[in-house]
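Below is one structure, written out as structure tokens; the observations come after it.
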Amino acid sequence: MTRHLLSSADLSRQEVEAILTTAESMHDVQKRDVKKIPTLRGRTIINLFFEDSTRTRSSFEIAGKWMSADTINITGKGSSASKGESLRDTVRTIDAMGVDAFVIRHHASGACQQVAGWVDASVINAGDGTHEHPTQALLDAYTLRQRLGDLDGRHVVIVGDLTHSRVFRSNIITLRRLGARVTVVAPPTLMPSGIDSWSEADDFATSYDLDAVLAGAGTGGAGGGVDAVMMLRVQRERMSGGYFPTAREYTVCYGLTRERLASLVDANPDVVILHPGPMNRGLEITADAADAEQSVVLAQVSAGVAVRMAVLYHLLSGEDIAP
Ligand code: NCD
């Protein structure tokens with residue numbers, strides 16, 4: 001495995017599987033009364049967050065602390081970045097202190113890649129603009145495997161604001177690495193332009209018609225029953241104009257409503273409902289669906305700690321991923 005985790009594409013299938021296996025042991029630590037292992041004692045991890053975060057930042061911090069690393073949180077607002085210091089000067093300053101890893105969230109796509117070229121420490125991408133969020137994809141895969149077992153041949157439908165979603169960009173890589181078929185659904189205004197040319201393969205399809213996909217019609221090679229549905233947040237903070245006429249219309253056409261959930265469960269009682277959070281309840285997902293038995297939203301959060309422990313372990317412990 002490389003020194004950094006910048007994109008889901010950095011990880012081969014073997015490496016993804018090794019991280020998910022390590023995460024299972026880390027999940028056991030999470031269930032103990034005393035949640036502390038010495039693995040990263042003496043290591044220093046900087047969480048450098050230029051965008052807001054609840055789950056990702058706290059789970060990286062908890063993951064580091066449970067592994068006995070020293071973890072320090074720096075936010076854009078509380079650092080000299082707010083005095084106009086450049087990203088390069090900020091990270092080189094902290095790197096000069098001798099830290100071991102940066103966990104970075106930044107509003108610019110590609111920021112983590114740049115930082116990796118400027119510092120000696122490892123860099124982990126915790127979300128860069130609309131580009132990628134590789135640890136989210138790993139925790140989603142972990143959660144899906146807990147419910148579904150092997151993901152080979154499984155059909156995952158990803159729905160919503162694809163244009164602004166780094167979660168979807170990382171997920172289509174990781175899920176397909178693990179053998180899953182992915183269909184992505186969005187209104188035409190939120191479908192990334194040229195997406196059909198991203199992949200000629202028959203494990204990837206796009207659609208504007210949520211009901212047709214959920215009914216199992218699908219398109220291309222990704223037809224057939226639905227094993228999991230991942231709802232994405234409508235990212236209004238990244239939108240400059242109107243991408244859909246009204247919130248009501250979005251929900252009617254693309255929301256996971258009570259009716260859609262009922263017909264999904266009818267067709268497949270074991271269907272898995274995911275959402276990376278934070279949720280806009282009532283917009284992309286209704287409360288019934290968010291809190292349904294099939295929803296794994298909190299399991300995803302829980303997996304986030306175990307998976308991030310596993311990622312830190314593989315990047316920082318010096319032990320290579322077993323082939
Ligand atoms: C996602 C993110 O920040 O990209 N959230 C997360 O990390 N759990 C998705 C989102 O903000 O909608």
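Quick note on naming: the chains in the structure tokens go A, B, ... in the order shown, residues restart at 1 in each chain, and ligands are numbered from 1 in order of appearance.
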
Out of stretch 57-170 of chain A, which residues get strand (DSSP E or B) from DSSP, as a list in words?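 Strand (DSSP E or B) members of stretch 57-170 of chain A, listed: Asp70, Thr71, Ile72, Asn73, Ile74, Thr75, Ala101, Phe102, Val103, Ile104, Arg105, His106, Ser122, Val123, Ile124, Asn125, Ala126, Gly127, Asp128, Glu132, His155, Val156, Val157, Ile158 and Val159 of chain A.
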
I'd like the contact shell of A:Asp161 - 8 Å cut-off, only C-alpha atoms, skipping same-chain residues fewer than 4 positions apart - returned as a PyMOL selection string. chain A and resi 165+186+190-191+232-235

Just want the 7 Å neighbourhood of A:Ile37, counted on only C-alpha atoms, with same-chain residues fewer than 3 positions away dropped. Output as a list in words.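 The residues that qualify are Trp66, Met67 and Ser68 of chain A.
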
Keeping all heavy atoms, export the residues of the selection given above as an mmCIF file, in the first residue's frame.
data_model
loop_
_atom_site.group_PDB
_atom_site.id
_atom_site.type_symbol
_atom_site.label_atom_id
_atom_site.label_comp_id
_atom_site.auth_asym_id
_atom_site.auth_seq_id
_atom_site.Cartn_x
_atom_site.Cartn_y
_atom_site.Cartn_z
ATOM 1 N N TRP A 66 -7.910 5.709 20.171
ATOM 2 C CA TRP A 66 -8.037 4.319 20.610
ATOM 3 C C TRP A 66 -6.796 3.501 20.257
ATOM 4 O O TRP A 66 -6.515 2.481 20.860
ATOM 5 C CB TRP A 66 -9.287 3.671 19.994
ATOM 6 C CG TRP A 66 -10.554 4.146 20.654
ATOM 7 C CD1 TRP A 66 -10.664 4.972 21.733
ATOM 8 C CD2 TRP A 66 -11.885 3.821 20.264
ATOM 9 N NE1 TRP A 66 -11.979 5.193 22.032
ATOM 10 C CE2 TRP A 66 -12.755 4.491 21.154
ATOM 11 C CE3 TRP A 66 -12.443 3.034 19.253
ATOM 12 C CZ2 TRP A 66 -14.147 4.392 21.059
ATOM 13 C CZ3 TRP A 66 -13.830 2.943 19.165
ATOM 14 C CH2 TRP A 66 -14.661 3.611 20.066
ATOM 15 N N MET A 67 -6.044 3.984 19.253
ATOM 16 C CA MET A 67 -4.806 3.281 18.893
ATOM 17 C C MET A 67 -3.599 3.915 19.569
ATOM 18 O O MET A 67 -2.457 3.643 19.203
ATOM 19 C CB MET A 67 -4.646 3.279 17.377
ATOM 20 C CG MET A 67 -5.772 2.523 16.700
ATOM 21 S SD MET A 67 -5.659 2.640 14.927
ATOM 22 C CE MET A 67 -4.591 1.270 14.605
ATOM 23 N N SER A 68 -3.854 4.801 20.531
ATOM 24 C CA SER A 68 -2.805 5.429 21.350
ATOM 25 C C SER A 68 -1.949 6.455 20.614
ATOM 26 O O SER A 68 -0.871 6.811 21.090
ATOM 27 C CB SER A 68 -1.886 4.379 21.997
ATOM 28 O OG SER A 68 -2.649 3.464 22.734
#

I need the residue nearest ligand 1 from this list: A:Ser193, A:Thr54, A:Asn47, A:Thr75. Use only C-alpha atoms and all ligand atoms for the distance.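 Result for the nearest residue to ligand 1: A:Thr54.
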
Residues within 10 Å of ligand 1, counting only C-alpha atoms and all ligand atoms, as a PyMOL selection string: chain A and resi 51-57+105-107+126-137+161+164-168+231-237+275-280+300-301+304

Selection near A:Ala96, 10 Å with only C-alpha atoms, sequence-local residues under 6 positions removed, as a PyMOL selection string: chain A and resi 119-121

As a PDB file with C-alpha atoms, in the first residue's frame, please: the residues near A:Gly76 (cut-off 8 Å, only C-alpha atoms, same-chain neighbours under 5 positions excluded).
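Result saved to out18.pdb:
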ATOM      1  CA  LEU A  48      -6.759  19.381   9.378  1.00  0.00           C
ATOM      2  CA  PHE A  49     -10.337  20.272   8.472  1.00  0.00           C
ATOM      3  CA  PHE A  50     -11.134  23.252   6.250  1.00  0.00           C
ATOM      4  CA  GLU A  51     -14.777  22.157   5.905  1.00  0.00           C
ATOM      5  CA  ALA A  81      -5.248  30.028   7.273  1.00  0.00           C
ATOM      6  CA  SER A  82      -7.806  32.595   8.447  1.00  0.00           C
TER       7      SER A  82
END

Could you tell me which of A:Ser197, A:Ser295, A:Asn73, A:Ser302 comes closest to A:Leu261 if we count only C-alpha atoms?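 For A:Leu261, the nearest of the candidates is A:Ser295.
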
Check the DSSP output for the backbone and give back, as a PyMOL selection string, the residues of stretch 118-225 of chain A in helix (DSSP H, G or I). chain A and resi 118+134-148+166-177+188-190+195-197+210-214+220-222

Tell me, as a PyMOL selection string, which residues lie within 10 Å of A:Arg88, counting only C-alpha atoms; anything in the same chain fewer than 6 positions away does not count. chain A and resi 111+114-115+117-119

Based on the selection just made, write all heavy atoms of those residues as a compact mmCIF listing (two decimals), in the first residue's frame.
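Full text of part-v8.txt as output:
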# COMPACT_ATOMS: atom_id res chain seq x y z
N ALA A 111 -6.84 18.98 -3.42
CA ALA A 111 -6.01 19.60 -2.38
C ALA A 111 -5.11 18.56 -1.69
O ALA A 111 -3.93 18.82 -1.43
CB ALA A 111 -6.88 20.31 -1.36
N GLN A 114 -2.11 17.57 -3.68
CA GLN A 114 -1.08 18.60 -3.63
C GLN A 114 -0.30 18.53 -2.32
O GLN A 114 0.93 18.58 -2.32
CB GLN A 114 -1.73 19.97 -3.74
CG GLN A 114 -2.10 20.31 -5.18
CD GLN A 114 -2.05 21.80 -5.41
OE1 GLN A 114 -2.81 22.52 -4.78
NE2 GLN A 114 -1.17 22.26 -6.27
N VAL A 115 -1.04 18.40 -1.21
CA VAL A 115 -0.37 18.35 0.09
C VAL A 115 0.61 17.18 0.14
O VAL A 115 1.73 17.31 0.65
CB VAL A 115 -1.41 18.26 1.24
CG1 VAL A 115 -0.72 17.99 2.57
CG2 VAL A 115 -2.24 19.53 1.31
N GLY A 117 2.45 16.10 -2.02
CA GLY A 117 3.71 16.48 -2.67
C GLY A 117 4.54 17.47 -1.86
O GLY A 117 5.68 17.74 -2.22
N TRP A 118 3.95 18.01 -0.82
CA TRP A 118 4.64 19.05 -0.04
C TRP A 118 5.18 18.58 1.30
O TRP A 118 5.99 19.26 1.92
CB TRP A 118 3.67 20.22 0.25
CG TRP A 118 3.23 21.00 -0.96
CD1 TRP A 118 3.95 21.23 -2.10
CD2 TRP A 118 1.98 21.67 -1.14
NE1 TRP A 118 3.21 22.00 -2.97
CE2 TRP A 118 2.01 22.30 -2.41
CE3 TRP A 118 0.83 21.82 -0.34
CZ2 TRP A 118 0.93 23.04 -2.90
CZ3 TRP A 118 -0.23 22.56 -0.83
CH2 TRP A 118 -0.17 23.16 -2.11
N VAL A 119 4.70 17.44 1.81
CA VAL A 119 5.04 17.03 3.17
C VAL A 119 5.70 15.65 3.21
O VAL A 119 5.56 14.87 2.27
CB VAL A 119 3.78 17.02 4.09
CG1 VAL A 119 3.16 18.41 4.16
CG2 VAL A 119 2.76 15.98 3.62

For a quick check of understanding, using only C-alpha atoms, which of A:Val213, A:Val16, A:Leu6, A:Val34 has the smallest distance to A:Arg177? A:Val16

In Å, rounded to a single decimal, give me how far atom CA of A:Val157 is from atom CA of A:Leu274. 10.0 Å

Do you know which residues are at most 7 Å from A:Gln294 counting only C-alpha atoms, after dropping those on the same chain fewer than 5 positions away, and could you put them as a list in words?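 So, after excluding close chain neighbours, the residues are Asp270, Val271, Val272 and Ile273 of chain A.
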
Output file for the selection above: N, CA, C and O atoms, as a compact mmCIF listing (two decimals), in the first residue's frame:
# COMPACT_ATOMS: atom_id res chain seq x y z
N ASP A 270 -34.57 -7.87 2.57
CA ASP A 270 -33.21 -7.67 3.09
C ASP A 270 -32.49 -6.49 2.44
O ASP A 270 -31.27 -6.34 2.61
N VAL A 271 -33.22 -5.69 1.67
CA VAL A 271 -32.57 -4.56 1.01
C VAL A 271 -31.91 -3.66 2.07
O VAL A 271 -32.41 -3.54 3.19
N VAL A 272 -30.76 -3.09 1.72
CA VAL A 272 -30.00 -2.26 2.67
C VAL A 272 -30.09 -0.80 2.24
O VAL A 272 -29.85 -0.48 1.07
N ILE A 273 -30.45 0.07 3.17
CA ILE A 273 -30.55 1.50 2.89
C ILE A 273 -29.38 2.23 3.55
O ILE A 273 -29.21 2.15 4.77
